[in-house]
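Enquirer: My file is structure_27.txt. It has compact mmCIF, C-alpha atoms and all ligand atoms:
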```
# COMPACT_ATOMS: atom_id res chain seq x y z
CA MET A 1 102.24 73.79 90.64
CA ASP A 2 100.89 72.78 87.30
CA GLN A 3 97.34 72.47 88.52
CA LEU A 4 97.32 76.01 89.84
CA ASN A 5 98.79 77.34 86.63
CA LYS A 6 96.09 75.53 84.69
CA ILE A 7 93.17 76.79 86.73
CA TYR A 8 94.49 80.35 86.59
CA GLU A 9 94.78 80.01 82.83
CA SER A 10 91.22 78.73 82.59
CA LEU A 11 90.16 81.89 84.49
CA GLY A 12 91.97 84.17 82.08
CA ILE A 13 95.31 84.67 83.88
CA SER A 14 98.28 83.99 81.61
CA GLY A 15 101.28 81.96 82.77
CA ALA A 16 103.39 85.10 82.66
CA VAL A 17 101.07 87.11 84.90
CA TYR A 18 100.81 84.21 87.33
CA ALA A 19 104.59 83.92 87.48
CA TYR A 20 104.92 87.68 87.98
CA GLY A 21 102.56 87.41 90.94
CA GLU A 22 104.51 84.52 92.44
CA LYS A 23 107.74 86.48 92.20
CA VAL A 24 106.19 89.41 94.03
CA LEU A 25 104.65 87.13 96.67
CA LYS A 26 107.95 85.44 97.50
CA LYS A 27 109.27 88.69 98.92
CA LEU A 28 106.26 89.17 101.19
CA ASP A 29 106.79 86.17 103.48
CA ARG A 30 108.08 88.12 106.47
CA ARG A 31 105.44 90.78 106.07
CA PHE A 32 102.65 88.21 105.96
CA ARG A 33 103.99 86.52 109.09
CA GLU A 34 103.72 89.82 110.97
CA ILE A 35 100.13 90.20 109.80
CA ASP A 36 99.34 86.66 110.96
CA GLN A 37 100.70 87.52 114.39
CA ILE A 38 98.42 90.54 114.71
CA ALA A 39 95.52 88.35 113.57
CA GLU A 40 96.43 85.77 116.20
CA LEU A 41 96.48 88.39 118.89
CA ASN A 42 93.17 89.89 117.80
CA GLN A 43 91.57 86.47 117.41
CA LEU A 44 92.39 85.70 121.04
CA LYS A 45 91.22 89.15 122.14
CA VAL A 46 87.86 88.50 120.47
CA LEU A 47 87.62 84.95 121.81
CA SER A 48 88.35 86.06 125.34
CA ALA A 49 85.64 88.74 125.15
CA PHE A 50 83.16 86.05 124.02
CA GLN A 51 84.17 83.78 126.88
CA LYS A 52 84.23 86.48 129.54
CA ASN A 53 80.68 87.46 128.63
CA GLU A 54 79.57 83.82 128.48
CA VAL A 55 78.14 84.11 125.00
CA SER A 56 75.76 81.19 124.66
CA GLU A 57 73.50 79.66 122.07
CA ALA A 58 70.52 81.63 123.33
CA HIS A 59 72.33 84.87 122.46
CA LEU A 60 72.44 83.97 118.79
CA SER A 61 68.72 84.36 118.17
CA GLY A 62 67.05 87.72 118.33
CA THR A 63 63.90 89.48 119.33
CA SER A 64 61.03 91.16 117.49
CA GLY A 65 58.82 94.15 118.16
CA TYR A 66 60.24 96.54 120.74
CA GLY A 67 63.17 94.29 121.44
CA TYR A 68 62.95 94.66 125.22
CA ASN A 69 65.40 92.51 127.15
CA ASP A 70 67.24 91.42 124.04
CA LEU A 71 69.94 89.42 125.78
CA GLY A 72 71.86 88.60 122.61
CA ARG A 73 72.00 92.25 121.58
CA ASP A 74 72.98 93.48 125.04
CA THR A 75 75.67 90.82 125.40
CA LEU A 76 77.07 91.58 121.95
CA GLU A 77 77.42 95.21 123.00
CA LYS A 78 79.36 94.09 126.08
CA VAL A 79 81.59 91.95 123.87
CA TYR A 80 82.32 94.93 121.62
CA ALA A 81 83.01 97.15 124.63
CA ASP A 82 85.48 94.57 125.98
CA ILE A 83 87.32 94.16 122.68
CA PHE A 84 87.72 97.94 122.45
CA HIS A 85 88.49 98.28 126.18
CA ALA A 86 85.63 100.76 126.29
CA GLU A 87 82.90 101.45 128.83
CA ASP A 88 79.98 100.78 126.52
CA ALA A 89 78.96 100.07 122.94
CA LEU A 90 75.99 100.45 120.65
CA VAL A 91 75.99 97.75 117.96
CA ARG A 92 72.79 97.73 115.99
CA PRO A 93 71.19 96.74 112.71
CA GLN A 94 69.20 99.98 113.01
CA ILE A 95 72.47 101.84 112.36
CA THR A 96 72.26 101.63 108.60
CA CYS A 97 75.87 102.32 107.58
CA GLY A 98 79.11 103.96 108.65
CA THR A 99 77.96 107.45 107.74
CA HIS A 100 74.86 106.93 109.86
CA ALA A 101 76.93 105.74 112.83
CA LEU A 102 79.22 108.78 112.57
CA SER A 103 76.30 111.13 112.05
CA LEU A 104 74.56 109.64 115.09
CA ALA A 105 77.62 110.05 117.30
CA LEU A 106 78.02 113.67 116.19
CA MET A 107 74.38 114.76 116.27
CA SER A 108 73.74 113.19 119.66
CA ASN A 109 76.73 114.70 121.41
CA LEU A 110 76.72 118.19 119.90
CA ARG A 111 74.26 120.95 120.81
CA PRO A 112 73.42 124.23 119.08
CA GLY A 113 76.29 126.67 119.57
CA ASP A 114 78.92 123.92 119.81
CA GLU A 115 81.74 123.59 117.34
CA LEU A 116 83.15 120.50 115.68
CA LEU A 117 86.81 120.40 114.67
CA SER A 118 88.49 118.12 112.17
CA PRO A 119 92.22 118.32 112.94
CA VAL A 120 93.09 115.93 110.09
CA GLY A 121 91.76 117.75 107.04
CA LYS A 122 88.64 117.20 105.00
CA PRO A 123 86.44 114.39 106.31
CA TYR A 124 85.07 111.51 104.27
CA ASP A 125 82.86 112.67 101.38
CA THR A 126 79.56 111.51 102.84
CA LEU A 127 80.21 113.48 106.03
CA GLU A 128 80.29 116.77 104.16
CA LYS A 129 76.51 116.94 104.11
CA VAL A 130 76.23 115.66 107.67
CA ILE A 131 78.41 118.52 108.85
CA GLY A 132 77.05 121.04 106.38
CA ILE A 133 80.31 121.68 104.52
CA ARG A 134 78.00 121.13 101.57
CA GLU A 135 74.52 122.46 102.33
CA ALA A 136 72.01 119.74 103.18
CA PRO A 137 68.73 119.59 105.06
CA GLY A 138 69.26 118.25 108.57
CA SER A 139 72.98 119.02 108.67
CA LEU A 140 74.79 120.00 111.87
CA LYS A 141 75.10 123.47 110.36
CA GLU A 142 71.33 123.77 110.13
CA TYR A 143 71.18 123.11 113.88
CA GLY A 144 73.63 125.92 114.57
CA ILE A 145 76.67 123.70 115.07
CA THR A 146 79.75 125.22 113.48
CA TYR A 147 82.71 123.46 111.96
CA ARG A 148 86.39 124.14 111.66
CA GLN A 149 89.07 122.21 109.87
CA VAL A 150 92.83 122.10 110.14
CA ASP A 151 94.56 120.36 107.28
CA LEU A 152 97.49 118.03 107.74
CA LEU A 153 100.90 119.45 106.87
CA PRO A 154 102.23 118.61 103.40
CA ASP A 155 104.25 115.72 104.84
CA GLY A 156 101.08 114.23 106.36
CA SER A 157 101.83 115.16 109.97
CA PHE A 158 99.56 117.09 112.35
CA ASP A 159 99.67 120.88 112.24
CA PHE A 160 99.79 121.25 116.02
CA ASP A 161 100.15 125.05 115.95
CA ARG A 162 97.05 125.58 113.90
CA ILE A 163 95.14 122.93 115.85
CA ARG A 164 95.94 124.82 119.07
CA LYS A 165 94.72 128.05 117.49
CA ALA A 166 91.56 126.44 116.12
CA ILE A 167 90.48 125.13 119.51
CA ASN A 168 88.26 127.71 121.21
CA PRO A 169 85.67 127.73 124.01
CA LEU A 170 82.99 126.45 121.60
CA THR A 171 85.00 123.40 120.51
CA LYS A 172 83.03 120.49 121.89
CA MET A 173 84.11 117.59 119.75
CA VAL A 174 86.82 116.54 117.30
CA ASN A 175 86.47 114.02 114.50
CA ILE A 176 89.68 112.15 113.78
CA GLN A 177 89.40 110.09 110.63
CA ARG A 178 91.86 107.21 110.70
CA SER A 179 91.55 106.05 107.10
CA ARG A 180 92.32 108.35 104.19
CA GLY A 181 88.97 107.97 102.45
CA TYR A 182 89.20 109.28 98.90
CA GLN A 183 92.23 111.39 99.66
CA THR A 184 95.90 110.96 99.12
CA ARG A 185 97.01 111.65 102.67
CA PRO A 186 98.51 109.00 104.94
CA THR A 187 96.30 106.81 107.08
CA LEU A 188 96.84 107.45 110.77
CA SER A 189 98.38 104.86 113.05
CA VAL A 190 96.64 104.24 116.35
CA ASP A 191 99.76 105.57 118.06
CA SER A 192 99.66 108.86 116.21
CA ILE A 193 95.93 109.18 116.94
CA GLY A 194 96.87 108.77 120.61
CA GLN A 195 99.39 111.61 120.34
CA LEU A 196 96.81 113.88 118.75
CA ILE A 197 94.21 113.06 121.40
CA ALA A 198 96.75 113.73 124.18
CA PHE A 199 97.56 117.10 122.61
CA ILE A 200 93.87 118.07 122.40
CA LYS A 201 93.04 116.84 125.91
CA ASN A 202 95.97 118.83 127.22
CA ILE A 203 94.34 121.99 125.86
CA ASN A 204 90.86 121.07 127.03
CA PRO A 205 90.17 117.67 128.62
CA LEU A 206 86.41 118.09 128.10
CA ILE A 207 86.62 117.97 124.29
CA ILE A 208 85.08 114.72 123.06
CA CYS A 209 87.58 112.95 120.83
CA MET A 210 85.82 110.76 118.29
CA VAL A 211 87.67 108.49 115.86
CA ASP A 212 86.18 107.44 112.55
CA ASN A 213 87.63 103.93 112.70
CA CYS A 214 86.23 102.71 109.35
CA TYR A 215 88.54 100.09 107.80
CA GLY A 216 90.94 100.23 110.73
CA GLU A 217 89.51 97.59 113.06
CA PHE A 218 91.88 94.68 113.80
CA VAL A 219 94.63 95.98 111.54
CA GLU A 220 96.74 96.75 114.59
CA ALA A 221 96.99 95.14 118.01
CA ILE A 222 95.26 98.11 119.62
CA GLU A 223 92.27 100.29 118.76
CA PRO A 224 91.79 104.06 119.15
CA THR A 225 89.91 103.54 122.44
CA ASP A 226 93.18 102.10 123.82
CA VAL A 227 94.86 105.47 123.31
CA GLY A 228 92.25 107.81 124.75
CA ALA A 229 89.48 108.07 122.12
CA ASP A 230 86.17 108.89 123.81
CA LEU A 231 84.22 107.44 120.89
CA CYS A 232 85.22 105.02 118.18
CA VAL A 233 82.84 104.46 115.30
CA GLY A 234 82.59 102.16 112.30
CA SER A 235 80.55 100.08 109.89
CA LEU A 236 79.71 96.38 110.19
CA ILE A 237 79.93 95.85 106.45
CA LYS A 238 83.60 96.66 106.78
CA ASN A 239 86.17 94.93 109.02
CA PRO A 240 84.30 94.11 112.25
CA GLY A 241 81.40 92.40 110.47
CA GLY A 242 83.85 89.84 109.12
CA GLY A 243 81.93 89.67 105.84
CA LEU A 244 78.95 88.01 107.53
CA ALA A 245 77.11 90.93 109.13
CA PRO A 246 74.47 91.90 106.57
CA LEU A 247 74.26 95.53 107.76
CA GLY A 248 74.87 97.65 110.82
CA GLY A 249 77.24 99.97 112.57
CA TYR A 250 78.86 100.37 115.95
CA ILE A 251 79.68 103.18 118.34
CA THR A 252 81.88 102.36 121.29
CA GLY A 253 83.56 104.43 123.95
CA ARG A 254 82.64 106.38 127.07
CA SER A 255 79.32 105.37 128.44
CA GLU A 256 77.79 108.88 128.64
CA TYR A 257 78.53 109.55 124.96
CA VAL A 258 77.39 106.12 123.77
CA LYS A 259 74.14 106.61 125.69
CA GLN A 260 73.57 109.96 123.97
CA ALA A 261 73.92 108.16 120.64
CA ALA A 262 71.38 105.55 121.76
CA PHE A 263 68.87 108.25 122.73
CA ARG A 264 69.26 109.76 119.30
CA LEU A 265 69.04 106.40 117.50
CA THR A 266 65.82 105.40 119.24
CA ALA A 267 64.24 108.12 121.40
CA PRO A 268 65.01 110.09 124.54
CA GLY A 269 63.99 107.93 127.46
CA LEU A 270 64.25 104.73 125.43
CA GLY A 271 67.90 104.63 124.41
CA LYS A 272 69.47 101.18 124.41
CA GLU A 273 66.39 99.49 125.86
CA VAL A 274 64.62 99.10 122.52
CA GLY A 275 65.63 97.95 119.08
CA ALA A 276 64.80 94.39 118.07
CA SER A 277 67.70 92.42 116.66
CA LEU A 278 65.45 90.26 114.44
CA ASP A 279 67.67 87.63 112.81
CA VAL A 280 71.04 89.32 112.61
CA LEU A 281 72.72 88.36 115.87
CA ARG A 282 74.24 85.09 114.72
CA SER A 283 75.93 86.81 111.80
CA PHE A 284 77.06 89.73 114.00
CA TYR A 285 78.69 87.33 116.47
CA GLN A 286 80.11 84.97 113.88
CA GLY A 287 81.35 87.82 111.70
CA LEU A 288 83.04 89.47 114.66
CA PHE A 289 84.66 86.16 115.52
CA LEU A 290 86.06 85.84 111.98
CA ALA A 291 86.92 89.52 111.61
CA PRO A 292 90.58 89.31 112.72
CA THR A 293 91.51 86.71 110.07
CA VAL A 294 89.31 88.24 107.37
CA THR A 295 90.95 91.61 108.02
CA ALA A 296 94.36 89.92 107.80
CA ALA A 297 93.47 88.43 104.39
CA ALA A 298 92.37 91.84 103.15
CA LEU A 299 95.53 93.45 104.46
CA LYS A 300 97.74 90.88 102.74
CA GLY A 301 95.81 91.56 99.55
CA ALA A 302 96.40 95.30 99.88
CA ILE A 303 100.15 94.78 100.31
CA PHE A 304 100.24 92.33 97.41
CA ALA A 305 98.45 94.88 95.20
CA ALA A 306 100.81 97.66 96.26
CA SER A 307 103.83 95.47 95.52
CA ILE A 308 102.53 94.53 92.08
CA TYR A 309 101.64 98.07 91.06
CA GLU A 310 104.71 99.71 92.50
CA LYS A 311 106.80 97.26 90.49
CA ALA A 312 104.72 98.21 87.45
CA GLY A 313 105.72 101.85 87.90
CA PHE A 314 102.76 103.42 89.67
CA LYS A 315 102.61 105.43 92.86
CA THR A 316 100.80 103.52 95.57
CA MET A 317 99.44 104.66 98.91
CA PRO A 318 100.62 103.24 101.18
CA ARG A 319 103.83 102.08 99.54
CA PRO A 320 104.18 98.32 100.05
CA ASP A 321 107.04 98.63 102.52
CA GLU A 322 105.26 101.16 104.74
CA SER A 323 103.36 100.14 107.83
CA TYR A 324 99.63 99.80 107.25
CA HIS A 325 96.91 101.17 109.54
CA ASP A 326 93.85 100.24 107.50
CA ILE A 327 92.98 97.85 104.67
CA ILE A 328 92.68 100.42 101.90
CA GLN A 329 95.12 100.36 99.05
CA ALA A 330 95.25 103.30 96.69
CA VAL A 331 96.98 103.03 93.33
CA ILE A 332 97.43 106.31 91.52
CA PHE A 333 97.00 105.65 87.83
CA GLU A 334 96.67 109.25 86.62
CA ASP A 335 94.49 107.79 83.90
CA ALA A 336 90.71 107.39 84.05
CA GLU A 337 90.87 104.43 81.62
CA ALA A 338 93.13 102.51 83.98
CA VAL A 339 90.82 103.18 86.94
CA ILE A 340 87.89 101.85 84.93
CA ALA A 341 89.84 98.80 83.67
CA PHE A 342 90.97 98.01 87.22
CA CYS A 343 87.43 98.17 88.59
CA GLU A 344 86.06 96.10 85.71
CA ALA A 345 88.61 93.40 86.48
CA ILE A 346 87.77 93.36 90.19
CA GLN A 347 84.12 92.97 89.27
CA ALA A 348 85.00 90.15 86.89
CA ALA A 349 86.84 88.41 89.75
CA ALA A 350 83.81 88.44 92.07
CA PRO A 351 81.78 85.42 93.21
CA ILE A 352 78.53 87.35 92.65
CA ASP A 353 77.68 89.43 89.57
CA SER A 354 81.00 88.69 87.88
CA HIS A 355 79.25 88.99 84.51
CA VAL A 356 78.20 92.62 84.91
CA THR A 357 80.26 95.67 83.95
CA PRO A 358 80.52 98.57 86.38
CA ILE A 359 80.35 102.09 84.96
CA PRO A 360 81.10 105.46 86.57
CA ALA A 361 77.97 107.10 87.98
CA ARG A 362 76.79 109.72 90.44
CA MET A 363 76.29 108.28 93.92
CA PRO A 364 74.35 109.73 96.85
CA GLY A 365 76.72 111.65 99.09
CA TYR A 366 79.58 111.81 96.58
CA GLU A 367 80.55 114.88 94.63
CA CYS A 368 81.83 113.45 91.31
CA PRO A 369 81.08 110.29 89.31
CA VAL A 370 82.40 107.18 91.04
CA ILE A 371 83.00 103.73 89.59
CA MET A 372 82.40 100.93 92.06
CA ALA A 373 83.20 97.26 91.66
CA SER A 374 81.55 95.07 94.21
CA GLY A 375 80.40 91.56 93.47
CA SER A 376 79.66 90.81 97.06
CA PHE A 377 77.36 88.56 99.08
CA ILE A 378 76.32 91.61 101.11
CA SER A 379 75.36 94.50 98.88
CA GLY A 380 78.04 97.20 98.94
CA SER A 381 80.13 95.34 101.49
CA SER A 382 83.69 96.58 101.28
CA ILE A 383 85.29 93.97 103.53
CA GLU A 384 84.56 91.78 100.51
CA LEU A 385 86.79 92.22 97.45
CA SER A 386 85.88 95.61 96.07
CA ALA A 387 87.34 98.66 94.37
CA ASP A 388 86.18 102.11 93.64
CA GLY A 389 87.50 105.21 92.03
CA PRO A 390 86.15 108.72 91.89
CA ILE A 391 86.58 109.90 88.29
CA ARG A 392 88.65 112.96 89.12
CA PRO A 393 92.39 113.67 89.25
CA PRO A 394 94.68 112.08 90.27
CA TYR A 395 92.63 109.15 88.97
CA ALA A 396 93.38 106.85 91.86
CA VAL A 397 91.70 103.55 92.48
CA TYR A 398 90.89 102.55 96.05
CA PHE A 399 90.99 98.84 96.54
CA GLN A 400 89.97 96.93 99.62
CA GLY A 401 88.68 93.77 101.15
CA GLY A 402 88.65 90.12 100.28
CA LEU A 403 87.29 87.38 102.49
CA SER A 404 90.21 85.06 101.74
CA PHE A 405 93.71 85.75 100.52
CA PRO A 406 93.48 83.41 97.50
CA HIS A 407 90.49 85.39 96.31
CA VAL A 408 92.20 88.79 96.65
CA LYS A 409 95.27 87.40 94.95
CA PHE A 410 93.16 86.25 92.03
CA GLY A 411 91.42 89.63 91.85
CA ILE A 412 94.71 91.51 91.71
CA LEU A 413 96.14 89.19 89.05
CA LYS A 414 92.96 89.74 87.08
CA THR A 415 93.47 93.53 87.20
CA LEU A 416 97.09 93.13 86.13
CA GLN A 417 96.08 90.90 83.21
CA SER A 418 93.42 93.38 82.15
CA LEU A 419 95.74 96.39 82.28
CA ILE A 420 98.34 94.49 80.26
CA ASP A 421 95.75 93.40 77.69
CA LYS A 422 94.55 97.01 77.36
CA LYS A 423 98.14 98.30 77.10
CA LEU A 424 97.67 100.58 80.10
CA LEU A 425 100.84 99.53 81.94
CA LYS A 426 104.02 101.58 81.81
CA ASN A 427 106.69 99.17 83.01
CA TYR A 428 105.69 95.65 82.41
C1 LIG B 501 83.25 103.90 104.56
C2 LIG B 501 83.62 105.08 105.34
C3 LIG B 501 82.67 105.91 105.90
C4 LIG B 501 81.19 105.78 105.65
O1 LIG B 501 80.72 104.52 105.72
P1 LIG B 501 79.45 104.07 104.84
O2 LIG B 501 79.15 102.78 105.45
O3 LIG B 501 79.91 103.98 103.43
O4 LIG B 501 78.38 105.07 105.05
C5 LIG B 501 83.11 106.95 106.68
N1 LIG B 501 84.40 107.19 106.87
C6 LIG B 501 85.35 106.42 106.31
C7 LIG B 501 86.79 106.74 106.54
C8 LIG B 501 84.99 105.34 105.53
O5 LIG B 501 85.93 104.58 104.99
```
What's the structure tokens form of this structure?

Expert:
Amino acid sequence: MDQLNKIYESLGISGAVYAYGEKVLKKLDRRFREIDQIAELNQLKVLSAFQKNEVSEAHLSGTSGYGYNDLGRDTLEKVYADIFHAEDALVRPQITCGTHALSLALMSNLRPGDELLSPVGKPYDTLEKVIGIREAPGSLKEYGITYRQVDLLPDGSFDFDRIRKAINPLTKMVNIQRSRGYQTRPTLSVDSIGQLIAFIKNINPLIICMVDNCYGEFVEAIEPTDVGADLCVGSLIKNPGGGLAPLGGYITGRSEYVKQAAFRLTAPGLGKEVGASLDVLRSFYQGLFLAPTVTAAALKGAIFAASIYEKAGFKTMPRPDESYHDIIQAVIFEDAEAVIAFCEAIQAAAPIDSHVTPIPARMPGYECPVIMASGSFISGSSIELSADGPIRPPYAVYFQGGLSFPHVKFGILKTLQSLIDKKLLKNY
């Protein structure tokens, strides 16, 4: 396709890099078909939840003030609960981000004297201060809630022996993080999360099993609530917002635990009854409706990136032929310059702010300088094409998102071109 070649060239992608990309893509046909099938299944799951709850035009506009009787908000929460096969859901613009949603679920369901266990190693960086692993005002630790952690075994599997030993009469809740965050451990499949939950419930069925589902929604045909999770939590500026939700988070699962979260979000006695939706409902609904195909585009992009960079001689996580359980692609460059060049190229590929240059900086909640590339319609949205890398060994870049596959493809080719131009590639 001459025209394609030409437009790529006009955007700074050489004929050779374009051809390299095409060669890699050819081998991904079967893989992409499988992803399309999951998207098809999830699209119909979402559609049927809309139809079952009779979502109507009136639900798309919101309320102001207290937000009493906000039919659109309440119906959206039923739609979420149905998609996740859960009893209830809290889906709100007042939940400011994923960390807030997780923090809310933890703080509302734990009481002084309780213990929280992470059976999958260190949690996501921003949760360290929530838990009190790093001292912070307002942490769970400050409220007398203790924390234990059992790391995964070196091969990435659960350390069942140590998990059994760590569970004690104080253990009230476990946090199972599906995605790897800024770590180099495997992402957990929904199936393996189910096995872990079954193991924990077998020791004590009263332990609340919460899954940090960030970046995992719609990647598989089932969600953690389908395999026994009591709570499943995530951000609306990741997968389930479909790129349209301008903010927000969700908590879904068992009704008593979701209600606790609502009492903490608003106030005891008020719970889910208040919280005006203002003007966000249309984008929440429409984003959710698009989320299965947007997630599929992002997933294809992740696999394309892994294929390109594995071929170029780098370690990738996951490897392109592994099965994926979230949309994050890590490429381990072992070179800070390469991480920076990669992020600069992703920024340069963006629809918004493509002319600015990202630089590593300290970020609230993170422990070392982080470089973040995000030229997104929604500030910081990581279901849109984005990349970030903490500037610390092993100098890995974490790449995710993309609202359409052609855009992710372009972004990845742009990174490849940039690394070649800067002579940062080993085997090209
Ligand atoms: C993004 C993320 C969070 C936190 O979400 P924010 O919206 O950035 O606060 C928590 N856990 C995991 C695994 C994440 O990927």

Enquirer: For Tyr80 of chain A, work out the shell of residues within 12 Å, counting all atoms listed in the file and skipping chain neighbours fewer than 3 positions away, then give it as an MDAnalysis selection string.

Expert: chainID A and resid 45:50 52:53 73:77 83:92 217 223 225 232:234 236 240:241 249:253 284:285 288:289

Enquirer: May I have the residues within 12 Å of segment 97-100 of chain A as a PyMOL selection string, using only C-alpha atoms and disregarding those fewer than 5 positions away in the same chain?

Expert: chain A and resi 91-92+105-108+123-131+212-215+232-241+245-251+261+264-265+364-365+379-382

Enquirer: Would you please work out which residue, of A:Ile193, A:Thr415, A:Gln183, A:Ala341, is nearest to Tyr398 of chain A when using all atoms listed in the file?

Expert: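 Ranked by minimum distance to Tyr398 of chain A, first place goes to A:Gln183.
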
Enquirer: When you draw a straight line from atom CA of Arg162 of chain A to atom CA of Val174 of chain A, how long is it in Å?

Expert: 14.1 Å

Enquirer: At a cut-off of 9 Å, using all atoms listed in the file, what residues contact segment 204-209 of chain A? Leave out same-chain residues fewer than 4 positions from it and give the result as a list in words.

Expert: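 Near neighbours after the sequence-gap exclusion: Asn109, Ile167, Pro169, Thr171, Lys172, Met173, Val174, Asn175, Ile176, Ile197, Ala198, Phe199, Ile200, Gly228, Ala229, Asp230, Leu231, Cys232 and Tyr257 of chain A.
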
Enquirer: Within 12 Å of (95.4, 95.0, 97.9) (file coordinates; only C-alpha atoms), which protein or nucleic acid residues are there? I'd like them as a ChimeraX atom specification.

Expert: /A:295-310,316-320,324,326-331,342,346,383-387,397-402,404-413,415

Enquirer: So, with only C-alpha atoms and all ligand atoms as the atoms that count, which of A:Gly181, A:Gly287, A:Pro224, A:Gly389 lies closest to ligand LIG 501 (chain B)?

Expert: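 Smallest separation from ligand LIG 501 (chain B) among the options: A:Gly181.
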
Enquirer: Take atom CA of Gln347 of chain A and atom CA of Phe377 of chain A and report the distance between them in Å, one decimal.

Expert: 12.7 Å

Enquirer: Nearest residue to Asp388 of chain A out of A:Ile35, A:Ser189, A:Ala338, A:Ala373, using all atoms listed in the file?

Expert: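 Residue with the minimum atom-to-atom distance to Asp388 of chain A: A:Ala373.
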
Enquirer: Between A:Leu424, A:Leu188, A:Ala58, A:Ile13, which is the closest to ligand LIG 501 (chain B) once you count only C-alpha atoms and all ligand atoms?

Expert: A:Leu188

Enquirer: In Å to one decimal, how far is atom CA of Pro390 of chain A from atom CA of Pro369 of chain A?

Expert: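 These atoms are spaced 5.9 Å apart.
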
Enquirer: Between A:Lys78, A:His325, A:Arg134, A:Lys23, which has the minimum distance to ligand LIG 501 (chain B) (counting only C-alpha atoms and all ligand atoms)?

Expert: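 Under the stated criterion, the closest residue is A:His325.
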
Enquirer: Here is a test: counting all atoms listed in the file, which residue of A:Ala349, A:Thr184, A:Lys141, A:Val339 is nearest to Asp155 of chain A?

Expert: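 Under the stated criterion, the closest residue is A:Thr184.
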
Enquirer: Counting only C-alpha atoms, find residues at most 10 Å from (63.7, 96.2, 123.9) (file frame) and give them as a list in words.

Expert: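 Residues lying no farther than 10 Å from the given point: Thr63, Ser64, Gly65, Tyr66, Gly67, Tyr68, Asn69, Asp70, Leu71, Arg73, Asp74, Leu270, Gly271, Lys272, Glu273, Val274, Gly275, Ala276 and Ser277 of chain A.
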
Enquirer: Supply segment 336-340 of chain A as a short mmCIF file (atom, residue, chain, number, x, y, z; two decimals), keeping the file's coordinate frame, with all heavy atoms built in where the input has gaps.

Expert:
```cif
data_model
loop_
_atom_site.label_atom_id
_atom_site.label_comp_id
_atom_site.auth_asym_id
_atom_site.auth_seq_id
_atom_site.Cartn_x
_atom_site.Cartn_y
_atom_site.Cartn_z
N ALA A 336 92.07 107.87 83.76
CA ALA A 336 90.71 107.39 84.05
C ALA A 336 90.47 106.00 83.46
O ALA A 336 89.81 105.16 84.07
CB ALA A 336 89.68 108.39 83.52
N GLU A 337 91.05 105.74 82.27
CA GLU A 337 90.87 104.43 81.62
C GLU A 337 91.39 103.29 82.49
O GLU A 337 90.79 102.22 82.56
CB GLU A 337 91.63 104.40 80.28
CG GLU A 337 91.02 105.26 79.18
CD GLU A 337 89.54 104.97 78.98
OE1 GLU A 337 89.20 103.78 78.77
OE2 GLU A 337 88.73 105.90 79.06
N ALA A 338 92.53 103.55 83.13
CA ALA A 338 93.13 102.51 83.98
C ALA A 338 92.27 102.26 85.22
O ALA A 338 92.10 101.11 85.65
CB ALA A 338 94.54 102.91 84.37
N VAL A 339 91.70 103.33 85.77
CA VAL A 339 90.82 103.18 86.94
C VAL A 339 89.62 102.31 86.56
O VAL A 339 89.23 101.39 87.28
CB VAL A 339 90.35 104.57 87.45
CG1 VAL A 339 89.24 104.43 88.48
CG2 VAL A 339 91.52 105.36 88.01
N ILE A 340 89.07 102.60 85.38
CA ILE A 340 87.89 101.85 84.93
C ILE A 340 88.26 100.39 84.64
O ILE A 340 87.57 99.47 85.09
CB ILE A 340 87.27 102.54 83.69
CG1 ILE A 340 86.68 103.90 84.11
CG2 ILE A 340 86.20 101.67 83.04
CD1 ILE A 340 86.28 104.82 82.97
#
```
